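See below for the structure under consideration.
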Amino acid sequence: MPSKLRVGVLFGGRSDEHEVSLISVQSILQAMDKARYEIVHIGIDKNGRWLFGEDALPRLLRGELADEDAPRWPRPEHLAGLDVLFPVLHGPYGEDGSLQGLLELADIPYVGCGVLASALAMDKVAAKMMFAAYGLPQTPWRPLLRRDWRRFPEATIAHLEASLTYPMFVKPANLGSSVGVTKAHDRDELVSGLTLASKYDRKLVVEQAVPNVREIEISILGNEDPQASIPGEIVPSNEFYDYAAKYLDGASREIIPAPLSPEQQAAIQRMALDAFRAIDGRGMARVDFLLDDVAGEIFLNEVNTIPGFTSISMYPKLWLASGLSYPQLIDRLIELALER
């Protein structure tokens with residue numbers, strides 16, 4: 001009998017999406033084929049200290065921190081013998097290329113996008129500039145530094161109101177799961193949104209909201225020849241798909257497949273693959289779109305290189321609807337990591 005693949009599963013992390021990672025990893029660990037894989041549990045607490053062993057996840061779920069003498073950097077023996085690593089870290093310090101660079105240095109195959117794609121997709125400003133270079137349609141937007149907002153608040157508001165129309169979305173440039181995101185309908189809400197977003201990041205992005213909006217998502221899988229799933233639609237329980245609508249109230253709805261014309265579906269799938277290639281994506285990503293349901297215009301919103309991965313998250317559900325089960329999806333992602 002061939003030996004099992006030794007797969008390290010990495011979860012937790014220092015980012016504000018720590019809890020989202022813990023939700024995702026529980027589904028992944030439950031679905032992994034124990035007859036095929038020897039699973040090595042690796043956790044990172046909110047202070048950036050590393051935990052190893054099967055008690056890592058229970059400890060993090062209880063909100064515990066690692067011991068003071070726990071490493072802030074994995075020692076060679078911690079990663080020795082791994083055939084592949086499956087990162088389940090959402091947000092900065094896990095999804096932004098920093099972890100991927102470490103794994104490249106250690107010569108360890110890993111699931112998901114590489115350094116460049118991870119860094120580009122995490123930084124919304126850099127990603128939008130790359131998408132613009134590829135001619136992908138986006139809603140009007142403006143970048144902003146926290147320093148400028150704090151130094152020149154009146155001039156900043158005047159610039160945004162002159163170049164964009166309400167409502168506007170205010171976002172930290174380097175965060176996901178709608179953490180720190182505000183939909184501003186007027187000047188007071190714009191001020192509040194900029195103040196909130198600046199608590200999370202030194203770089204901000206302000207986007208003009210799309211009218212009559214529908215939120216469409218596509219899952220991408222593959223390396224040199226990526227494939228697009230069927231599209232799905234999110235119907236948020238709140239005015240937009242914020243953190244509460246995603247993870248807390250359980251009232252948002254998903255429509256799979258999304259009710260689109262054949263022409264719209266083909267266009268969105270093509271644009272999703274173009275966006276994936278624009279950042280030099282590998283392995284997986286979820287690509288999100290905004291559709292003006294009256295004008296019929298489609299706008300690329302963002303690319304997520306480590307999307308939510310519970311068994312009921314959109315990324316695996318879209319592949320399930322496209323003919324690939326959750327365990328099969330995990331197997332395929334590991335195969336793609338080793339192939340690359």
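Letters for chains follow the order of the structure tokens (A, B, ...), residue numbers begin at 1 for each chain, and ligand numbers begin at 1 in the order shown.
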Item to complete: Skip Asp45 in chain A itself and residues of its chain fewer than 6 positions away, then list as a PyMOL selection string all residues within 8 Å of it, counting only C-alpha atoms.
Response: chain A and resi 12-14+51+60+64-66
Keeping only C-alpha atoms, write the selected residues as a JSON list (two decimals), in the first residue's frame.
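The resulting out_35.json:
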```
[["chain", "number", "residue", "atom", "x", "y", "z"],
["A", 12, "GLY", "CA", -5.90, 30.71, 12.76],
["A", 13, "GLY", "CA", -3.53, 33.60, 12.14],
["A", 14, "ARG", "CA", -2.96, 37.17, 13.29],
["A", 51, "LEU", "CA", 0.95, 25.74, 17.87],
["A", 60, "LEU", "CA", -7.75, 28.36, 19.40],
["A", 64, "GLU", "CA", -6.45, 30.46, 24.18],
["A", 65, "LEU", "CA", -3.05, 31.88, 23.30],
["A", 66, "ALA", "CA", 0.08, 29.82, 22.85]]
```
Item to complete: List every residue of range 192-308 of chain A that DSSP, applied to the backbone of this structure, places in strand (DSSP E or B), and write the result as a PyMOL selection string.
Response: chain A and resi 203-208+213-222+227-228+232-235+253-255+283-292+298-304
Worksheet item: Which one is closest to Ser24 in chain A: A:Ile312, A:Ala70, A:Leu338, A:Ala132? Count only C-alpha atoms.
Response: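 Among the listed residues, the smallest separation from Ser24 in chain A belongs to A:Ile312.
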Using 12 Å as the limit and counting only C-alpha atoms, can you tabulate each residue of range 251-339 of chain A that touches range 77-83 of chain A, with its shortest atom-to-atom distance in Å and the two atoms involved, as a Markdown table?
```
| residue | atom | partner | partner_atom | distance |
| --- | --- | --- | --- | --- |
| A:Ile334 | CA | A:Asp83 | CA | 9.7 |
| A:Glu335 | CA | A:Asp83 | CA | 11.0 |
| A:Ala337 | CA | A:Asp83 | CA | 9.8 |
| A:Leu338 | CA | A:Asp83 | CA | 8.2 |
| A:Glu339 | CA | A:Asp83 | CA | 11.9 |
```
Discussion item. When you look at Gly43 in chain A with a cut-off of 10 Å (counting only C-alpha atoms), what residues show up, excluding the ones that are within fewer than 3 positions of it in the same chain? I need them as a PyMOL selection string.
Written reply: chain A and resi 9-13+22+40+46+48-60+66+88-89
Worksheet item: Which residues, written as a VMD selection string, have at least one atom at most 9 Å from Asn212 in chain A, with only C-alpha atoms counted and residues fewer than 6 positions away on the same chain left out?
Response: chain A and resid 291 to 295
Worksheet item: Looking at only C-alpha atoms, which of A:Thr310, A:Ser237, A:Ser198, A:Ser219 is the one that sits closest to Ile268 in chain A?
Response: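 Ranking A:Thr310, A:Ser237, A:Ser198, A:Ser219 by distance to Ile268 in chain A, first place goes to A:Ser219.
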Fill in: Residue nearest Met130 in chain A among A:Asp274, A:Glu233, A:Glu215, A:Asp288 (counting only C-alpha atoms)
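Comparing A:Asp274, A:Glu233, A:Glu215, A:Asp288 against Met130 in chain A, the winner is A:Asp274.
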Item to complete: Apply DSSP to the backbone of this structure and, from range 80-152 of chain A, keep only the residues in helix (DSSP H, G or I); write these as a VMD selection string.
Response: chain A and resid 98 to 106 115 to 122 124 to 133 146 to 151
Worksheet item: Between A:Ala162, A:Glu207, A:Asp33, A:Leu336, which is the closest to Lys183 in chain A once you count only C-alpha atoms?
Response: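 Distance minimum relative to Lys183 in chain A lands on A:Glu207.
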Practice prompt. Between A:Ala35, A:Val179, A:Leu164, A:Ala155, single out the one closest to Ser15 in chain A, counting only C-alpha atoms.
Written response: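 Checking each of A:Ala35, A:Val179, A:Leu164, A:Ala155 against Ser15 in chain A, counting only C-alpha atoms, the winner is A:Val179.
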Can you build me a table of range 150-221 of chain A residues sitting at most 12 Å from range 90-98 of chain A, with the closest atom pair per residue and its distance in Å to one decimal, using only C-alpha atoms, sorted by chain and residue number, as a Markdown table?
```
| residue | atom | partner | partner_atom | distance |
| --- | --- | --- | --- | --- |
| A:Pro172 | CA | A:Gly91 | CA | 11.3 |
| A:Ala173 | CA | A:Pro92 | CA | 10.6 |
| A:Asn174 | CA | A:Pro92 | CA | 6.8 |
| A:Leu175 | CA | A:Gly91 | CA | 5.4 |
| A:Gly176 | CA | A:Gly91 | CA | 5.9 |
| A:Ser177 | CA | A:Gly91 | CA | 8.3 |
| A:Ser178 | CA | A:Gly91 | CA | 10.8 |
| A:Val179 | CA | A:Gly91 | CA | 10.0 |
| A:Tyr200 | CA | A:Pro92 | CA | 10.8 |
| A:Asp201 | CA | A:Pro92 | CA | 10.4 |
```
Prev. selection, C-alpha atoms, output as a PDB file, in the first residue's frame:
```pdb
ATOM      1  CA  PRO A 172      -9.611  48.780   4.036  1.00  0.00           C
ATOM      2  CA  ALA A 173      -7.415  47.850   1.067  1.00  0.00           C
ATOM      3  CA  ASN A 174      -5.911  44.760   2.707  1.00  0.00           C
ATOM      4  CA  LEU A 175      -8.684  42.885   4.451  1.00  0.00           C
ATOM      5  CA  GLY A 176     -11.551  40.585   3.566  1.00  0.00           C
ATOM      6  CA  SER A 177     -14.815  39.123   4.907  1.00  0.00           C
ATOM      7  CA  SER A 178     -16.279  42.661   4.813  1.00  0.00           C
ATOM      8  CA  VAL A 179     -14.398  43.574   7.994  1.00  0.00           C
ATOM      9  CA  TYR A 200      -7.667  48.492   9.967  1.00  0.00           C
ATOM     10  CA  ASP A 201      -5.276  49.647   7.239  1.00  0.00           C
TER      11      ASP A 201
END
```
Discussion item. Would you compute the distance between CA of Asp69 in chain A and CA of Ala106 in chain A? Give it in Å to one decimal.
Written reply: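 Value for the CA of Asp69 in chain A-CA of Ala106 in chain A distance: 22.7 Å.
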Worksheet item: Can you list, as a ChimeraX atom specification, every protein, DNA or RNA residue that comes within 9 Å of range 138-154 of chain A when you count only C-alpha atoms, leaving out same-chain residues fewer than 5 positions away?
Response: /A:125,128,131-132,159-160,163-164,168,173,191,194-195,197-199,201-210,290,298-301
